[in-house]
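Contents: one structure, followed by commentary.
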Amino acid sequence: MSLTIALNRGRILKECLPLLARAGIEPLEDIHSSRKLIFDTSGGFKLIVVRGSDVPTYVEHGVAHVGITGKDTILEYGEGASFYERLDLGIGVCQLMVAAPVKADYSTGPIRVASKFVNVSRSYFEGLGRQATIIPLSGAIELAPLTGLADVIVDIVDTGNTLRANGLEAREAIAAISTRLIVNRAAQKTRFAAVQDLIDRLRQVIAA
Ligand code: PRP
């Protein structure tokens with residue numbers, strides 16, 4: 001039975017396609033130069049290319065049987081959703097962190113937190129018993145403390161270059177992030193053999 005795989009466009013897509021190719025799954029046309037959003041592949045799969053935050057949505061609703069996206073996206077969507085996280089692809093490795101202006105003291109009192117990761121931020125500061133106002137932003141999060149919009153940010157840190165360039169520093173690690181493969185709960189049962197075969201192939205590619 002054929003599987004539909006939802007893929008995060010952007011950086012994850014770029015890193016994933018070579019892995020998928022080595023597992024025998026290659027789009028029949030060039031994804032990067034096409035404006036199409038759905039692709040047939042060798043091996044009889046379908047790839048749908050969506051925004052990262054939409055990957056869990058497509059998988060939860062069973063439109064895609066499998067999804068590939070960052071752990072940050074999965075945490076923000078909610079791990080209790082109706083999909084299973086089955087494989088760590090070992091790519092897109094970074095950290096989800098609290099960052100603040102260099103040497104700034106935000107240890108007491110209420111704080112304002114700017115982030116794309118509204119749910120993760122809220123539960124992190126709730127867990128610490130800190131009173132936090134979460135300010136949702138969709139990009140250029142590092143600007144928020146510089147302009148006085150927020151005291152700290154919660155964001156992905158890879159090399160740390162973006163923080164450094166903006167006078168910020170990482171302070172608290174919230175979660176280790178990498179690219180994960182998720183499987184729709186129903187598909188895990190109804191398409192067990194196909195799902196398992198895909199996971200086994202990817203596992204072999206990662207181990208090689
Ligand atoms: C991410 C993140 C930071 C940057 C961190 O943004 O939001 O801005 O990467 O990487 P660094 O530590 O290596 O500097 P991305 O480039 O993915 O763009 P986005 O804001 O659209 O998510």
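Identifiers in this document derive from the order of the structure tokens: chains are assigned A, B, ..., residues are numbered from 1 separately in each chain, and ligands are numbered from 1 in order of occurrence.
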Region 156-203 of chain A: residues DSSP assigns to strand (DSSP E or B), reported as a list in words: Ile156, Val157, Leu168, Glu169, Ala170, Arg171, Glu172, Ala173, Ile174, Ala175, Ala176, Ile177, Thr179, Arg180, Leu181, Ile182, Val183 and Asn184 of chain A
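The protein and nucleic acid residues lying at most 12 Å from Gly92 (chain A) are Asn8, Gly10, Arg11, Ile12, Leu13, Lys14, Glu15, Cys16, Ile68, Thr69, Gly70, Lys71, Asp72, Ile156, Val157, Asp158, Thr159, Ala176, Ile177, Ser178, Thr179 and Arg180 of chain A, with only C-alpha atoms considered and sequence neighbours fewer than 5 positions away removed.
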Next, write the just-selected residues to a file, as a tab-separated table (two decimals), in the first residue's frame, keeping N, CA and C atoms as the atom set.
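Okay, this is what ended up in result28.tsv:
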```
chain	number	residue	atom	x	y	z
A	8	ASN	N	8.30	19.01	5.71
A	8	ASN	CA	8.52	20.39	6.07
A	8	ASN	C	9.33	21.09	4.97
A	10	GLY	N	11.64	24.09	3.21
A	10	GLY	CA	12.76	24.85	3.76
A	10	GLY	C	13.93	23.94	4.10
A	11	ARG	N	14.60	24.29	5.21
A	11	ARG	CA	15.84	23.63	5.58
A	11	ARG	C	15.69	22.11	5.73
A	12	ILE	N	14.60	21.68	6.38
A	12	ILE	CA	14.40	20.25	6.63
A	12	ILE	C	14.22	19.50	5.31
A	13	LEU	N	13.47	20.09	4.40
A	13	LEU	CA	13.26	19.46	3.09
A	13	LEU	C	14.60	19.22	2.40
A	14	LYS	N	15.44	20.24	2.43
A	14	LYS	CA	16.74	20.17	1.77
A	14	LYS	C	17.60	19.04	2.35
A	15	GLU	N	17.56	18.91	3.66
A	15	GLU	CA	18.38	17.88	4.31
A	15	GLU	C	17.76	16.49	4.18
A	16	CYS	N	16.42	16.46	4.06
A	16	CYS	CA	15.71	15.18	4.01
A	16	CYS	C	15.78	14.49	2.67
A	68	ILE	N	7.45	14.35	8.32
A	68	ILE	CA	8.83	14.57	8.75
A	68	ILE	C	8.97	16.05	9.09
A	69	THR	N	9.26	16.31	10.35
A	69	THR	CA	9.38	17.69	10.81
A	69	THR	C	10.24	17.77	12.06
A	70	GLY	N	10.48	19.00	12.54
A	70	GLY	CA	11.36	19.19	13.69
A	70	GLY	C	10.66	18.86	15.00
A	71	LYS	N	11.44	18.44	15.98
A	71	LYS	CA	10.90	18.18	17.31
A	71	LYS	C	10.28	19.46	17.90
A	72	ASP	N	10.82	20.61	17.54
A	72	ASP	CA	10.27	21.89	18.02
A	72	ASP	C	8.81	22.03	17.58
A	156	ILE	N	15.00	28.71	18.43
A	156	ILE	CA	15.97	27.70	18.02
A	156	ILE	C	17.36	28.32	17.97
A	157	VAL	N	18.33	27.62	18.54
A	157	VAL	CA	19.73	28.06	18.44
A	157	VAL	C	20.52	26.93	17.80
A	158	ASP	N	21.18	27.27	16.71
A	158	ASP	CA	22.02	26.27	16.04
A	158	ASP	C	23.48	26.66	16.27
A	159	THR	N	24.02	27.54	15.44
A	159	THR	CA	25.41	27.97	15.63
A	159	THR	C	25.52	29.05	16.70
A	176	ALA	N	16.24	19.50	23.38
A	176	ALA	CA	17.13	19.13	22.27
A	176	ALA	C	16.25	18.84	21.06
A	177	ILE	N	16.59	19.46	19.96
A	177	ILE	CA	15.76	19.37	18.75
A	177	ILE	C	16.48	18.59	17.65
A	178	SER	N	15.74	17.80	16.90
A	178	SER	CA	16.24	17.23	15.65
A	178	SER	C	15.01	16.86	14.82
A	179	THR	N	15.26	16.41	13.61
A	179	THR	CA	14.15	16.10	12.71
A	179	THR	C	13.59	14.71	13.03
A	180	ARG	N	12.29	14.62	13.17
A	180	ARG	CA	11.66	13.35	13.57
A	180	ARG	C	10.64	12.90	12.52
```
Among the residues A:Thr73, A:Thr147, A:Thr41, A:Ser33, the one that comes closest to ligand 1 [using only C-alpha atoms and all ligand atoms]: A:Thr73
Cut-off 12 Å, only C-alpha atoms and all ligand atoms, neighbours of ligand 1 as JSON, numbers by chain: {"A": [8, 9, 10, 11, 12, 51, 52, 53, 70, 72, 73, 92, 93, 94, 95, 96, 97, 98, 99, 114, 115, 116, 117, 137, 138, 139, 140, 141, 142, 143, 144, 153, 154, 155, 156, 157, 158, 159, 160, 161, 162, 163, 164, 165, 166, 168, 169, 170]}
Separation of CA of Thr133 (chain A) from CA of Gly78 (chain A) in Å: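 Separation of CA of Gly78 (chain A) and CA of Thr133 (chain A): 20.0 Å.
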Using only C-alpha atoms: which of A:Ala173, A:Ala6, A:Val152, A:Ala132 has the shortest distance to Gly109 (chain A):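 Ranked by minimum distance to Gly109 (chain A), first place goes to A:Ala132.
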